[in-house]
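Engineer: The following file, model.tsv, comprises TSV, C-alpha atoms:
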```tsv
chain	number	residue	atom	x	y	z
O	1127	MET	CA	-7.43	43.84	52.83
O	1128	ASN	CA	-8.33	42.35	56.21
O	1129	LYS	CA	-9.21	38.83	55.09
O	1130	ILE	CA	-11.72	37.12	57.31
O	1131	VAL	CA	-11.49	33.38	56.78
O	1132	ALA	CA	-8.51	31.62	58.30
O	1133	GLU	CA	-9.81	28.04	58.33
O	1134	GLY	CA	-10.17	27.72	54.54
O	1135	LEU	CA	-12.94	27.80	51.99
O	1136	LYS	CA	-16.52	27.52	53.23
O	1137	ARG	CA	-18.99	25.71	50.96
O	1138	MET	CA	-22.60	26.82	51.23
O	1139	VAL	CA	-25.66	25.51	49.40
O	1140	SER	CA	-28.47	27.43	51.12
O	1141	PRO	CA	-29.33	31.01	50.10
O	1142	ALA	CA	-30.38	31.66	53.69
O	1143	GLU	CA	-26.97	30.52	54.97
O	1144	VAL	CA	-25.18	32.82	52.55
O	1145	ALA	CA	-27.45	35.72	53.46
O	1146	ARG	CA	-26.76	35.20	57.18
O	1147	PHE	CA	-23.03	35.02	56.58
O	1148	VAL	CA	-23.03	38.26	54.58
O	1149	THR	CA	-25.11	40.03	57.21
O	1150	GLU	CA	-22.63	38.98	59.89
O	1151	GLN	CA	-19.67	40.23	57.89
O	1152	LYS	CA	-21.27	43.57	57.10
O	1153	GLN	CA	-22.16	44.04	60.77
O	1154	LYS	CA	-18.42	43.73	61.41
O	1155	GLY	CA	-17.75	46.44	58.85
O	1156	LYS	CA	-16.41	44.02	56.22
O	1157	THR	CA	-16.81	44.54	52.47
O	1158	VAL	CA	-18.09	41.73	50.27
O	1159	GLY	CA	-16.92	41.01	46.72
O	1160	PHE	CA	-18.88	38.60	44.55
O	1161	VAL	CA	-17.95	36.63	41.42
O	1162	PRO	CA	-20.81	34.63	39.87
O	1163	THR	CA	-19.68	31.68	37.71
O	1164	MET	CA	-20.99	28.51	36.12
O	1165	GLY	CA	-17.96	26.54	37.26
O	1166	ALA	CA	-15.44	24.78	35.00
O	1167	LEU	CA	-13.05	27.36	36.38
O	1168	HIS	CA	-10.00	28.51	34.45
O	1169	GLU	CA	-7.44	31.28	34.79
O	1170	GLY	CA	-9.91	33.88	33.62
O	1171	HIS	CA	-12.12	33.13	36.61
O	1172	LEU	CA	-9.12	32.98	38.92
O	1173	SER	CA	-8.07	36.46	37.84
O	1174	LEU	CA	-11.51	37.72	38.90
O	1175	PHE	CA	-11.17	36.00	42.28
O	1176	LYS	CA	-7.75	37.52	42.81
O	1177	ARG	CA	-8.98	40.98	41.83
O	1178	ALA	CA	-11.87	40.63	44.26
O	1179	SER	CA	-9.54	39.39	47.00
O	1180	GLU	CA	-7.31	42.42	46.57
O	1181	SER	CA	-10.14	44.89	47.11
O	1182	SER	CA	-12.69	43.14	49.33
O	1183	ASP	CA	-12.51	41.78	52.88
O	1184	CYS	CA	-14.63	38.77	51.94
O	1185	VAL	CA	-14.90	37.09	48.54
O	1186	ILE	CA	-17.91	34.97	47.61
O	1187	ALA	CA	-18.04	33.02	44.37
O	1188	SER	CA	-21.02	31.09	43.11
O	1189	VAL	CA	-21.02	27.99	40.95
O	1190	PHE	CA	-24.40	27.53	39.32
O	1191	VAL	CA	-25.02	26.24	35.81
O	1192	ASN	CA	-28.05	28.35	35.01
O	1193	PRO	CA	-30.57	26.43	32.87
O	1194	THR	CA	-32.49	29.51	31.74
O	1195	GLN	CA	-29.61	30.92	29.69
O	1196	PHE	CA	-29.12	27.83	27.53
O	1197	GLY	CA	-31.00	27.59	24.26
O	1198	ASP	CA	-29.53	24.16	23.53
O	1199	LYS	CA	-30.46	21.47	26.06
O	1200	ASP	CA	-27.46	19.35	25.08
O	1201	ASP	CA	-25.11	22.27	25.76
O	1202	TYR	CA	-26.65	22.60	29.23
O	1203	ILE	CA	-26.51	18.87	29.95
O	1204	ASN	CA	-22.92	18.57	28.71
O	1205	TYR	CA	-21.60	21.68	30.42
O	1206	PRO	CA	-18.45	20.54	32.31
O	1207	LYS	CA	-18.87	20.08	36.06
O	1208	ASN	CA	-16.23	19.27	38.69
O	1209	ILE	CA	-17.06	21.01	41.94
O	1210	ASP	CA	-14.14	19.59	43.94
O	1211	ARG	CA	-11.66	20.87	41.37
O	1212	ASP	CA	-13.45	24.25	41.25
O	1213	ALA	CA	-13.40	24.51	45.05
O	1214	ALA	CA	-9.67	23.82	45.23
O	1215	LEU	CA	-8.92	26.44	42.57
O	1216	ALA	CA	-11.22	29.00	44.18
O	1217	GLU	CA	-9.62	28.55	47.60
O	1218	ARG	CA	-6.12	29.03	46.21
O	1219	ALA	CA	-7.26	32.20	44.44
O	1220	GLY	CA	-8.55	33.82	47.63
O	1221	VAL	CA	-12.25	32.90	47.68
O	1222	ASP	CA	-13.71	32.65	51.18
O	1223	VAL	CA	-17.16	31.23	50.41
O	1224	LEU	CA	-18.23	29.04	47.50
O	1225	PHE	CA	-21.99	29.22	47.02
O	1226	ILE	CA	-23.23	26.06	45.28
O	1227	PRO	CA	-27.03	26.27	45.19
O	1228	GLU	CA	-29.41	23.68	43.80
O	1229	GLU	CA	-31.67	24.69	40.93
O	1230	SER	CA	-34.69	24.45	43.24
O	1231	ALA	CA	-33.12	27.05	45.57
O	1232	ILE	CA	-32.59	29.57	42.78
O	1233	TYR	CA	-35.88	28.85	41.01
O	1234	PRO	CA	-38.20	27.80	43.88
O	1235	ASN	CA	-41.29	28.56	41.80
O	1236	GLY	CA	-39.89	27.47	38.47
O	1237	SER	CA	-39.85	30.19	35.84
O	1238	ASP	CA	-43.02	31.96	36.92
O	1239	MET	CA	-41.21	35.32	37.02
O	1240	THR	CA	-38.27	36.46	34.89
O	1241	VAL	CA	-36.36	39.56	33.87
O	1242	GLN	CA	-36.63	40.57	30.21
O	1243	VAL	CA	-33.84	42.51	28.53
O	1244	HIS	CA	-35.13	44.76	25.74
O	1245	THR	CA	-31.95	46.46	24.52
O	1246	LYS	CA	-28.41	45.37	23.58
O	1247	THR	CA	-29.58	41.81	22.87
O	1248	ASP	CA	-30.19	41.91	19.10
O	1249	VAL	CA	-26.47	42.04	18.25
O	1250	LEU	CA	-23.35	39.90	18.82
O	1251	CYS	CA	-24.16	36.68	20.72
O	1252	GLY	CA	-27.65	37.82	21.59
O	1253	LYS	CA	-28.70	37.85	17.94
O	1254	SER	CA	-28.40	34.07	17.62
O	1255	ARG	CA	-29.30	33.23	21.20
O	1256	PRO	CA	-32.81	34.59	21.85
O	1257	GLY	CA	-33.67	34.61	25.53
O	1258	HIS	CA	-30.09	33.98	26.65
O	1259	PHE	CA	-29.62	37.35	28.31
O	1260	ASP	CA	-33.08	37.18	29.87
O	1261	GLY	CA	-31.79	34.09	31.66
O	1262	VAL	CA	-28.56	35.85	32.62
O	1263	ALA	CA	-30.37	38.92	33.94
O	1264	THR	CA	-32.88	36.77	35.86
O	1265	VAL	CA	-30.29	34.62	37.63
O	1266	LEU	CA	-28.05	37.58	38.43
O	1267	THR	CA	-30.95	39.50	39.94
O	1268	LYS	CA	-31.61	36.51	42.19
O	1269	LEU	CA	-27.93	36.07	43.11
O	1270	PHE	CA	-27.44	39.78	43.81
O	1271	ASN	CA	-30.47	39.72	46.11
O	1272	ILE	CA	-29.13	36.70	47.98
O	1273	VAL	CA	-25.50	37.78	48.34
O	1274	LYS	CA	-26.01	41.56	48.52
O	1275	PRO	CA	-22.37	42.23	47.61
O	1276	ASP	CA	-20.67	45.61	47.69
O	1277	THR	CA	-18.83	44.86	44.44
O	1278	VAL	CA	-19.28	42.35	41.62
O	1279	TYR	CA	-16.58	41.29	39.19
O	1280	PHE	CA	-17.09	40.26	35.57
O	1281	GLY	CA	-14.63	39.48	32.80
O	1282	MET	CA	-14.62	41.47	29.59
O	1283	LYS	CA	-14.41	38.30	27.48
O	1284	ASP	CA	-18.18	38.50	27.38
O	1285	ALA	CA	-18.33	42.26	26.86
O	1286	GLN	CA	-21.99	42.10	25.84
O	1287	GLN	CA	-22.82	40.54	29.19
O	1288	VAL	CA	-20.86	43.25	31.01
O	1289	ALA	CA	-22.81	45.97	29.18
O	1290	ILE	CA	-26.14	44.29	29.99
O	1291	VAL	CA	-25.25	43.68	33.66
O	1292	SER	CA	-24.30	47.35	33.96
O	1293	SER	CA	-27.75	48.28	32.60
O	1294	LEU	CA	-29.41	45.77	34.94
O	1295	ILE	CA	-27.75	47.36	37.95
O	1296	ARG	CA	-28.76	50.86	36.88
O	1297	THR	CA	-32.30	49.95	35.84
O	1298	PHE	CA	-33.19	48.20	39.11
O	1299	HIS	CA	-31.11	50.50	41.33
O	1300	ILE	CA	-29.15	47.55	42.70
O	1301	PRO	CA	-26.70	48.95	45.27
O	1302	VAL	CA	-23.57	47.27	43.93
O	1303	LYS	CA	-20.47	48.42	42.07
O	1304	LEU	CA	-19.55	46.59	38.86
O	1305	VAL	CA	-15.86	46.03	38.11
O	1306	ALA	CA	-15.07	44.88	34.57
O	1307	CYS	CA	-11.78	42.97	34.39
O	1308	PRO	CA	-9.53	42.45	31.36
O	1309	ILE	CA	-9.60	39.30	29.24
O	1310	VAL	CA	-7.06	36.69	30.33
O	1311	ARG	CA	-5.29	35.05	27.41
O	1312	GLU	CA	-3.05	32.09	26.72
O	1313	SER	CA	0.54	32.88	25.72
O	1314	ASP	CA	-0.50	32.64	22.05
O	1315	GLY	CA	-3.37	35.11	22.48
O	1316	LEU	CA	-6.33	32.74	22.68
O	1317	ALA	CA	-8.85	33.96	25.24
O	1318	LYS	CA	-9.17	31.62	28.22
O	1319	SER	CA	-12.44	29.70	28.14
O	1320	SER	CA	-13.90	26.54	29.64
O	1321	ARG	CA	-14.81	25.58	26.07
O	1322	ASN	CA	-11.20	25.53	24.88
O	1323	VAL	CA	-10.86	21.95	26.15
O	1324	ARG	CA	-13.37	20.89	23.49
O	1325	LEU	CA	-11.04	21.92	20.66
O	1326	SER	CA	-9.20	19.25	18.70
O	1327	ALA	CA	-5.42	19.57	18.44
O	1328	ASN	CA	-5.67	21.15	14.99
O	1329	GLU	CA	-8.48	23.48	16.06
O	1330	ARG	CA	-6.45	24.58	19.08
O	1331	LYS	CA	-3.50	25.33	16.78
O	1332	GLU	CA	-5.71	27.54	14.60
O	1333	ALA	CA	-7.75	29.24	17.34
O	1334	PRO	CA	-5.19	32.01	18.18
O	1335	GLU	CA	-5.94	33.47	14.73
O	1336	ILE	CA	-9.27	34.64	16.18
O	1337	TYR	CA	-7.54	37.27	18.31
O	1338	LYS	CA	-5.10	38.16	15.53
O	1339	GLY	CA	-8.05	38.96	13.28
O	1340	LEU	CA	-9.45	41.35	15.87
O	1341	GLN	CA	-6.02	42.93	16.16
O	1342	ALA	CA	-6.03	43.49	12.40
O	1343	GLY	CA	-9.23	45.47	12.82
O	1344	LEU	CA	-7.72	47.44	15.69
O	1345	ARG	CA	-4.65	48.29	13.58
O	1346	ALA	CA	-6.94	49.67	10.89
O	1347	ALA	CA	-8.63	51.84	13.52
O	1348	GLU	CA	-5.21	52.96	14.76
O	1349	LEU	CA	-4.42	54.06	11.21
O	1350	GLY	CA	-7.54	56.21	11.16
O	1351	GLU	CA	-10.30	53.95	9.84
O	1352	ARG	CA	-13.61	54.84	11.51
O	1353	ASN	CA	-16.19	53.24	9.23
O	1354	PHE	CA	-17.97	50.29	10.82
O	1355	ASP	CA	-18.36	48.23	7.66
O	1356	ARG	CA	-14.79	48.70	6.46
O	1357	LEU	CA	-13.44	47.65	9.86
O	1358	ILE	CA	-15.62	44.53	9.75
O	1359	SER	CA	-14.35	43.78	6.24
O	1360	THR	CA	-10.76	44.04	7.48
O	1361	VAL	CA	-11.35	41.41	10.16
O	1362	LYS	CA	-13.28	39.11	7.81
O	1363	ALA	CA	-10.52	39.37	5.19
O	1364	TYR	CA	-8.00	38.20	7.78
O	1365	TYR	CA	-10.20	35.27	8.77
O	1366	ALA	CA	-10.74	34.29	5.14
O	1367	LYS	CA	-6.99	33.73	4.89
O	1368	HIS	CA	-6.31	32.18	8.29
O	1369	LEU	CA	-9.40	30.28	9.48
O	1370	ILE	CA	-9.82	26.91	7.78
O	1371	LEU	CA	-11.48	24.79	10.48
O	1372	GLY	CA	-13.35	27.59	12.25
O	1373	LYS	CA	-16.53	29.03	10.77
O	1374	ILE	CA	-17.41	32.66	11.46
O	1375	ASP	CA	-20.63	33.09	13.41
O	1376	TYR	CA	-20.35	36.87	13.38
O	1377	VAL	CA	-17.90	39.75	13.20
O	1378	ASP	CA	-19.19	43.13	14.31
O	1379	VAL	CA	-17.99	46.59	15.26
O	1380	LEU	CA	-20.22	48.71	17.50
O	1381	ASN	CA	-20.09	51.64	19.86
O	1382	TYR	CA	-19.58	50.42	23.42
O	1383	PRO	CA	-21.26	49.98	25.86
O	1384	GLU	CA	-24.32	51.08	23.87
O	1385	LEU	CA	-23.80	48.13	21.47
O	1386	LYS	CA	-25.19	50.03	18.51
O	1387	ARG	CA	-24.16	52.27	15.66
O	1388	SER	CA	-24.82	55.99	15.45
O	1389	GLY	CA	-24.30	56.79	11.80
O	1390	ALA	CA	-21.58	55.11	9.74
O	1391	SER	CA	-18.58	55.92	11.93
O	1392	LEU	CA	-17.31	55.01	15.38
O	1393	ASP	CA	-18.01	57.10	18.43
O	1394	ARG	CA	-15.23	57.41	20.99
O	1395	HIS	CA	-15.59	54.01	22.67
O	1396	PHE	CA	-16.06	50.93	20.50
O	1397	ILE	CA	-15.84	47.15	20.40
O	1398	ILE	CA	-14.59	44.77	17.72
O	1399	ALA	CA	-16.14	41.39	18.48
O	1400	CYS	CA	-16.56	37.97	16.95
O	1401	ALA	CA	-17.73	34.42	17.48
O	1402	VAL	CA	-16.19	31.43	15.70
O	1403	ARG	CA	-17.62	27.92	15.67
O	1404	TYR	CA	-15.56	24.76	15.75
O	1405	GLN	CA	-16.91	21.24	15.76
O	1406	SER	CA	-17.59	21.09	19.51
O	1407	ALA	CA	-16.97	24.65	20.70
O	1408	ARG	CA	-18.14	28.15	19.94
O	1409	LEU	CA	-15.49	30.71	20.91
O	1410	ILE	CA	-16.06	34.42	21.46
O	1411	ASP	CA	-13.53	37.22	21.70
O	1412	ASN	CA	-13.37	40.99	21.50
O	1413	ILE	CA	-11.24	44.10	21.75
O	1414	THR	CA	-12.59	47.32	23.23
O	1415	ALA	CA	-10.84	50.59	22.53
O	1416	ASP	CA	-11.06	54.38	22.70
O	1417	THR	CA	-10.55	56.41	19.51
O	1418	GLU	CA	-9.02	59.32	21.43
O	1419	LYS	CA	-6.39	57.02	22.93
O	1420	LEU	CA	-5.70	55.54	19.50
O	1421	LEU	CA	-5.20	59.06	18.15
O	1422	SER	CA	-2.90	59.97	21.04
O	1423	SER	CA	-0.88	56.82	20.39
O	1424	ARG	CA	-0.46	57.71	16.70
O	1425	GLU	CA	0.61	61.24	17.56
O	1426	ALA	CA	3.18	59.88	20.02
O	1427	ASP	CA	4.62	57.69	17.25
```
Just give me the structure of the file as structure tokens.
Structural biologist:
Amino acid sequence: MNKIVAEGLKRMVSPAEVARFVTEQKQKGKTVGFVPTMGALHEGHLSLFKRASESSDCVIASVFVNPTQFGDKDDYINYPKNIDRDAALAERAGVDVLFIPEESAIYPNGSDMTVQVHTKTDVLCGKSRPGHFDGVATVLTKLFNIVKPDTVYFGMKDAQQVAIVSSLIRTFHIPVKLVACPIVRESDGLAKSSRNVRLSANERKEAPEIYKGLQAGLRAAELGERNFDRLISTVKAYYAKHLILGKIDYVDVLNYPELKRSGASLDRHFIIACAVRYQSARLIDNITADTEKLLSSREAD
């Protein structure tokens, strides 16, 4: 791509400044990729920046810890923040503009108007976090209207969020393309997360079993299992043997991206997902798959 910024990362705090910058770039025929984040950047975020940099002339990332998606005030207050570190990482990963708005800029009238999400929220993380995805949808609507990107990039680690953002874009006819990017993992399989730093040494040693449990469910599907409940039981049985410190919040298997069941058996596309709680961190993970590809793989074997 024809990258536009030679003098390094630009930091912007004003929505109007970002809007002007984007207008200028689009008048020059440049494409704009956007990655919204809450900071505490890790390799998962950096992979999104790099993907955006490969396919967009200009990459904008936002760092905004959105208060309306936190049910727990302490979790919001204690969310890790280090903007200088985030800026350095973003610049090295190909970000051109880091948008760092104040809460008053994103919510100038407080919470007098919000977006409500009526589907896909009563399962997975949404089941235990009422209002969370309303906050996500509200802030993203605001950010999309400010940045007006051509393409937005989200990681599949939060596959429920990806499904809801896709619906948000379709429902409100937002002229942007959504690119869902694969989960980035540690060498032992643990999904990258800003919350991993909260794990104790023993918790960190155990945490890779979360992904292995999901893989056990996937192997059952590869062997022909299509029943939702039996697949869930397979994953839970693995966790019963291998998770001592972590407590299961949920394990679920659903059609994807609908995030629901139609009958007792999988449709073509599905997700195996879980959340596990440790003392100071709640970790989520998932595997998405396609039954036709699983069948093709078995036939090839």
Engineer: Looking at only C-alpha atoms, which of O:Ser1140, O:Ser1319, O:Ser1237, O:Ser1406 is the one that sits closest to His1171 in chain O?
Structural biologist: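 Closest to His1171 in chain O of all the choices is O:Ser1319.
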Engineer: List the neighbours of range 1407-1414 of chain O out to 8 Å using only C-alpha atoms; skip same-chain residues closer than 3 positions along the sequence, and give me the result as an mmCIF file with C-alpha atoms, keeping the file's coordinate frame.
Structural biologist:
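Result file follows (selection.cif):
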```cif
data_model
loop_
_atom_site.group_PDB
_atom_site.id
_atom_site.type_symbol
_atom_site.label_atom_id
_atom_site.label_comp_id
_atom_site.auth_asym_id
_atom_site.auth_seq_id
_atom_site.Cartn_x
_atom_site.Cartn_y
_atom_site.Cartn_z
ATOM 1 C CA LYS O 1283 -14.410 38.300 27.480
ATOM 2 C CA ASP O 1284 -18.180 38.500 27.380
ATOM 3 C CA ALA O 1285 -18.330 42.260 26.860
ATOM 4 C CA ALA O 1317 -8.850 33.960 25.240
ATOM 5 C CA SER O 1319 -12.440 29.700 28.140
ATOM 6 C CA ARG O 1321 -14.810 25.580 26.070
ATOM 7 C CA ASN O 1322 -11.200 25.530 24.880
ATOM 8 C CA ARG O 1324 -13.370 20.890 23.490
ATOM 9 C CA LEU O 1325 -11.040 21.920 20.660
ATOM 10 C CA ILE O 1336 -9.270 34.640 16.180
ATOM 11 C CA TYR O 1337 -7.540 37.270 18.310
ATOM 12 C CA LEU O 1340 -9.450 41.350 15.870
ATOM 13 C CA GLN O 1341 -6.020 42.930 16.160
ATOM 14 C CA LEU O 1344 -7.720 47.440 15.690
ATOM 15 C CA TYR O 1382 -19.580 50.420 23.420
ATOM 16 C CA HIS O 1395 -15.590 54.010 22.670
ATOM 17 C CA PHE O 1396 -16.060 50.930 20.500
ATOM 18 C CA ILE O 1397 -15.840 47.150 20.400
ATOM 19 C CA ILE O 1398 -14.590 44.770 17.720
ATOM 20 C CA ALA O 1399 -16.140 41.390 18.480
ATOM 21 C CA CYS O 1400 -16.560 37.970 16.950
ATOM 22 C CA ALA O 1401 -17.730 34.420 17.480
ATOM 23 C CA VAL O 1402 -16.190 31.430 15.700
ATOM 24 C CA ARG O 1403 -17.620 27.920 15.670
ATOM 25 C CA TYR O 1404 -15.560 24.760 15.750
#
```
Engineer: Identify which of the residues O:Ala1263, O:Leu1294, O:Ile1226, O:Ala1347 lies closest to Met1239 in chain O, counting only C-alpha atoms when measuring atom-to-atom distances.
Structural biologist: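 Comparing O:Ala1263, O:Leu1294, O:Ile1226, O:Ala1347 against Met1239 in chain O, the winner is O:Ala1263.
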Engineer: For Phe1298 in chain O, which residue out of O:Thr1267, O:Gln1286, O:Thr1360, O:Ser1326 is the nearest one, using only C-alpha atoms?
Structural biologist: O:Thr1267
Engineer: Would you mind reading off the distance between CA of Phe1225 in chain O and CA of Ile1186 in chain O, one decimal, in Å?
Structural biologist: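 Computed distance, CA of Phe1225 in chain O to CA of Ile1186 in chain O, equals 7.1 Å.
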Engineer: Give me, as a tab-separated table, the closest atom pair and its distance (Å, one decimal) for every residue of range 1130-1181 of chain O within a cut-off of 12 Å of range 1192-1200 of chain O, counting all atoms listed in the file, rows sorted by chain and rising number.
Structural biologist:
```
residue	atom	partner	partner_atom	distance
O:Pro1162	CA	O:Asn1192	CA	10.7
O:Thr1163	CA	O:Asn1192	CA	9.4
O:Met1164	CA	O:Asn1192	CA	7.1
O:Gly1165	CA	O:Asn1192	CA	10.5
```
Engineer: Generate the output file for the selected residues, C-alpha atoms, as a compact mmCIF listing (two decimals), in the frame of the given file.
Structural biologist:
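This is the output file part00.txt:
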```
# COMPACT_ATOMS: atom_id res chain seq x y z
CA PRO O 1162 -20.81 34.63 39.87
CA THR O 1163 -19.68 31.68 37.71
CA MET O 1164 -20.99 28.51 36.12
CA GLY O 1165 -17.96 26.54 37.26
```
Engineer: Using only C-alpha atoms, can you tell me which of O:Pro1383, O:Gly1261, O:Pro1308, O:Gly1372 comes closest to Asn1328 in chain O?
Structural biologist: O:Gly1372
Engineer: From the set O:Val1158, O:Leu1304, O:Val1265, O:Leu1135, which residue has the shortest atom-to-atom contact distance to Tyr1233 in chain O, counting only C-alpha atoms?
Structural biologist: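 When distances to Tyr1233 in chain O are compared using only C-alpha atoms, the smallest one comes from O:Val1265.
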Engineer: At a cut-off of 7 Å, using all atoms listed in the file, what residues contact Gly1220 in chain O? Leave out same-chain residues fewer than 2 positions from it and give the result as a list in words.
Structural biologist: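 Listing them by chain and then by number gives Phe1175, Lys1176, Ser1179, Ala1216, Glu1217, Arg1218 and Asp1222 of chain O.
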Engineer: To one decimal place, how far is CA of Gly1159 in chain O from CA of Arg1137 in chain O in Å?
Structural biologist: 16.0 Å
Engineer: Could you tell me how far CA of Val1291 in chain O sits from CA of Asn1381 in chain O, in Å to one decimal place?
Structural biologist: 16.7 Å
Engineer: Here is a test: counting only C-alpha atoms, which residue of O:Gly1281, O:Val1377, O:Ile1203, O:Thr1245 is nearest to Ser1359 in chain O?
Structural biologist: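 Result for the nearest residue to Ser1359 in chain O: O:Val1377.
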Engineer: Quick one: residues within 8 Å of (-25.8, 47.9, 44.3) (file frame), counting only C-alpha atoms, please, as a PyMOL selection string.
Structural biologist: chain O and resi 1274-1277+1295+1299-1303
